[in-house]
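coords-v1.txt (compact mmCIF, C-alpha atoms)
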```txt
# COMPACT_ATOMS: atom_id res chain seq x y z
CA MET D 1 54.28 66.05 99.26
CA THR D 2 57.19 68.39 98.70
CA GLN D 3 57.89 71.00 101.37
CA MET D 4 59.43 74.36 100.44
CA ILE D 5 63.01 74.69 101.65
CA ILE D 6 63.55 77.68 103.93
CA PRO D 7 67.12 78.46 105.02
CA MET D 8 67.74 77.14 108.54
CA GLU D 9 68.85 80.56 109.79
CA MET D 10 65.36 81.95 108.96
CA GLN D 11 63.38 79.06 110.45
CA VAL D 12 61.76 79.19 113.84
CA ARG D 13 62.27 75.94 115.71
CA LEU D 14 59.06 74.74 117.25
CA ASP D 15 58.31 72.01 119.71
CA TYR D 16 55.52 70.42 117.67
CA GLU D 17 54.66 68.19 120.61
CA ARG D 18 53.54 71.18 122.70
CA THR D 19 49.99 70.39 123.78
CA ASP D 20 48.83 73.98 123.34
CA TRP D 21 49.52 73.92 119.60
CA PRO D 22 46.42 73.22 117.47
CA PRO D 23 46.09 69.55 116.47
CA LEU D 24 46.63 70.41 112.79
CA VAL D 25 50.00 72.00 113.61
CA ARG D 26 51.12 69.07 115.74
CA GLU D 27 50.12 66.58 113.05
CA LEU D 28 51.17 68.41 109.84
CA ARG D 29 54.22 70.32 111.16
CA PRO D 30 54.29 73.31 108.81
CA ILE D 31 57.50 75.30 108.43
CA ILE D 32 57.59 78.62 110.28
CA TRP D 33 60.05 81.38 109.61
CA GLU D 34 60.65 85.02 110.34
CA GLU D 35 60.46 87.50 107.48
CA GLY D 36 61.07 91.10 108.46
CA THR D 37 58.71 91.94 111.31
CA SER D 38 56.29 89.11 110.49
CA TYR D 39 56.16 85.36 110.73
CA CYS D 40 55.14 82.97 107.98
CA CYS D 41 53.77 79.46 108.31
CA LEU D 42 53.71 77.19 105.23
CA LEU D 43 52.80 73.66 104.26
CA GLY D 44 53.64 72.85 100.67
CA PRO D 45 56.17 73.31 97.91
CA ASP D 46 55.72 77.07 97.37
CA PHE D 47 53.50 80.07 98.08
CA ARG D 48 51.20 79.39 95.13
CA GLU D 49 50.42 75.72 95.72
CA GLY D 50 50.96 75.52 99.45
CA ILE D 51 48.92 76.77 102.38
CA LEU D 52 50.35 79.92 103.91
CA GLY D 53 49.64 81.92 107.05
CA TYR D 54 51.04 85.30 108.15
CA GLY D 55 51.09 87.20 111.40
CA PRO D 56 53.06 89.58 113.61
CA THR D 57 53.62 86.74 116.10
CA ILE D 58 54.23 83.01 115.68
CA GLU D 59 50.86 82.24 117.24
CA GLU D 60 49.01 84.60 114.88
CA ALA D 61 50.79 83.17 111.84
CA VAL D 62 49.84 79.66 112.98
CA ALA D 63 46.22 80.72 113.58
CA ASP D 64 46.03 82.29 110.10
CA TRP D 65 47.56 79.15 108.58
CA GLU D 66 45.06 76.94 110.40
CA LEU D 67 42.15 79.00 109.04
CA ASN D 68 43.61 78.69 105.55
CA VAL D 69 43.93 74.90 105.98
CA GLN D 70 40.27 74.70 106.96
CA GLU D 71 39.28 76.83 103.97
CA ARG D 72 41.34 74.69 101.61
CA LEU D 73 39.82 71.47 102.93
CA ALA D 74 36.32 72.90 102.54
CA HIS D 75 36.81 74.26 99.00
CA HIS D 76 39.50 72.39 97.11
CA GLU D 77 39.42 71.12 93.55
CA PRO D 78 39.78 67.44 92.66
CA GLY D 79 43.45 66.58 92.26
CA ASP D 80 44.63 69.11 94.86
CA GLU D 81 47.73 67.31 96.14
CA ILE D 82 48.09 69.41 99.29
CA ALA D 83 44.47 68.84 100.35
CA ALA D 84 44.81 65.12 99.60
CA PHE D 85 48.03 64.97 101.65
CA ILE D 86 46.32 66.67 104.60
CA GLU D 87 43.30 64.39 104.43
CA GLU D 88 45.51 61.31 104.27
CA THR D 89 47.85 62.48 107.03
CA ILE D 90 45.58 63.86 109.69
CA LYS D 91 44.34 61.56 112.35
CA VAL D 92 42.68 64.23 114.45
CA PRO D 93 39.13 63.76 115.75
CA GLY D 94 36.84 66.33 114.19
CA ILE D 95 38.04 66.06 110.60
CA LYS D 96 35.19 64.90 108.45
CA GLY D 97 35.03 64.36 104.72
CA GLY D 98 32.72 62.93 102.14
CA ASN D 99 30.62 63.98 99.15
CA ASN D 100 33.13 66.78 98.40
CA GLU D 101 32.23 68.47 101.71
CA ARG D 102 35.08 68.68 104.18
CA HIS D 103 34.88 70.44 107.52
CA TYR D 104 37.27 70.89 110.40
CA GLN D 105 35.61 71.07 113.80
CA ALA D 106 37.81 72.38 116.57
```
Using structure tokens, write down the structure that the file contains.
Amino acid sequence: MTQMIIPMEMQVRLDYERTDWPPLVRELRPIIWEEGTSYCCLLGPDFREGILGYGPTIEEAVADWELNVQERLAHHEPGDEIAAFIEETIKVPGIKGGNNERHYQA
């Protein structure tokens, strides 16, 4: 999977090993950056194909992104490369898939 390139000076450096981050963040390591007075969190090559979250704080952007990941996993089309990447990458208890029904259980 290709990850969008965000200039280093805009990126927020995270300690992805922090135990208080959601498991999806620790496993998938989305890029987070500051844009104006908001934060953005993205996994994927661009805004259209990737999964994006916004918020006034890093934590709110991450929470929005996590909800969008769950939604994408639950309702993606066949051939969705980002959803396939997530399903192949995650090794977090609570992720279930099968029969085109995918659910994340926190």
Judged by only C-alpha atoms, the minimum distance to Tyr54 of chain D among D:Ser38, D:Asn68, D:Phe85, D:Glu9 is found for D:Ser38
Point-to-point distance from atom CA of Ala61 of chain D to atom CA of Cys40 of chain D, Å rounded to tenths:
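About the pair atom CA of Ala61 of chain D and atom CA of Cys40 of chain D: they are 5.8 Å apart.
With distances taken over all atoms listed in the file, D:Cys41 is the one residue among D:Cys41, D:Thr89, D:Ala84, D:His76 lying closest to Ala63 of chain D.
Nearest to Gln70 of chain D of all the residues D:Ile32, D:Ile86, D:Ile58, D:Met1 is D:Ile86, counting only C-alpha atoms.
Each of D:Ala83, D:Val62, D:Glu49, D:Trp33 was compared to Trp21 of chain D using all atoms listed in the file, and D:Val62 turns out to be the nearest.
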Would you please work out which residue, of D:Ile5, D:Ile31, D:Ile51, D:Ile82, is nearest to Val69 of chain D when using only C-alpha atoms?
D:Ile51
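Of the residues under consideration (D:Trp65, D:Glu81, D:Glu87, D:Met8), D:Trp65 shows the shortest atom-to-atom contact distance to Pro22 of chain D when counting only C-alpha atoms.
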What separation in Å, quoted to one decimal, exists between atom CA of Pro30 of chain D and atom CA of His75 of chain D?
20.1 Å
What separation in Å, quoted to one decimal, exists between atom CA of Pro45 of chain D and atom CA of Met4 of chain D?
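Interatomic distance, atom CA of Pro45 of chain D to atom CA of Met4 of chain D: 4.3 Å.
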Quick one: everything within 12 Å of Asp20 of chain D, counting all atoms listed in the file, minus sequence neighbours fewer than 6 positions away in the same chain. Send it as a CSV table (one decimal) with C-alpha atoms, in the coordinates of the input.
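Saved as out03.csv:
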```csv
chain,number,residue,atom,x,y,z
D,14,LEU,CA,59.1,74.7,117.2
D,26,ARG,CA,51.1,69.1,115.7
D,59,GLU,CA,50.9,82.2,117.2
D,62,VAL,CA,49.8,79.7,113.0
```
Mind working out the centre and edge lengths of an axis-aligned box for segment 60-76 of chain D, all listed atoms inside, 3 Å added to each side, rounded to one decimal in Å and written as JSON?
```
{"center_x": 43.6, "center_y": 78.0, "center_z": 106.0, "size_x": 20.5, "size_y": 19.1, "size_z": 23.8}
```
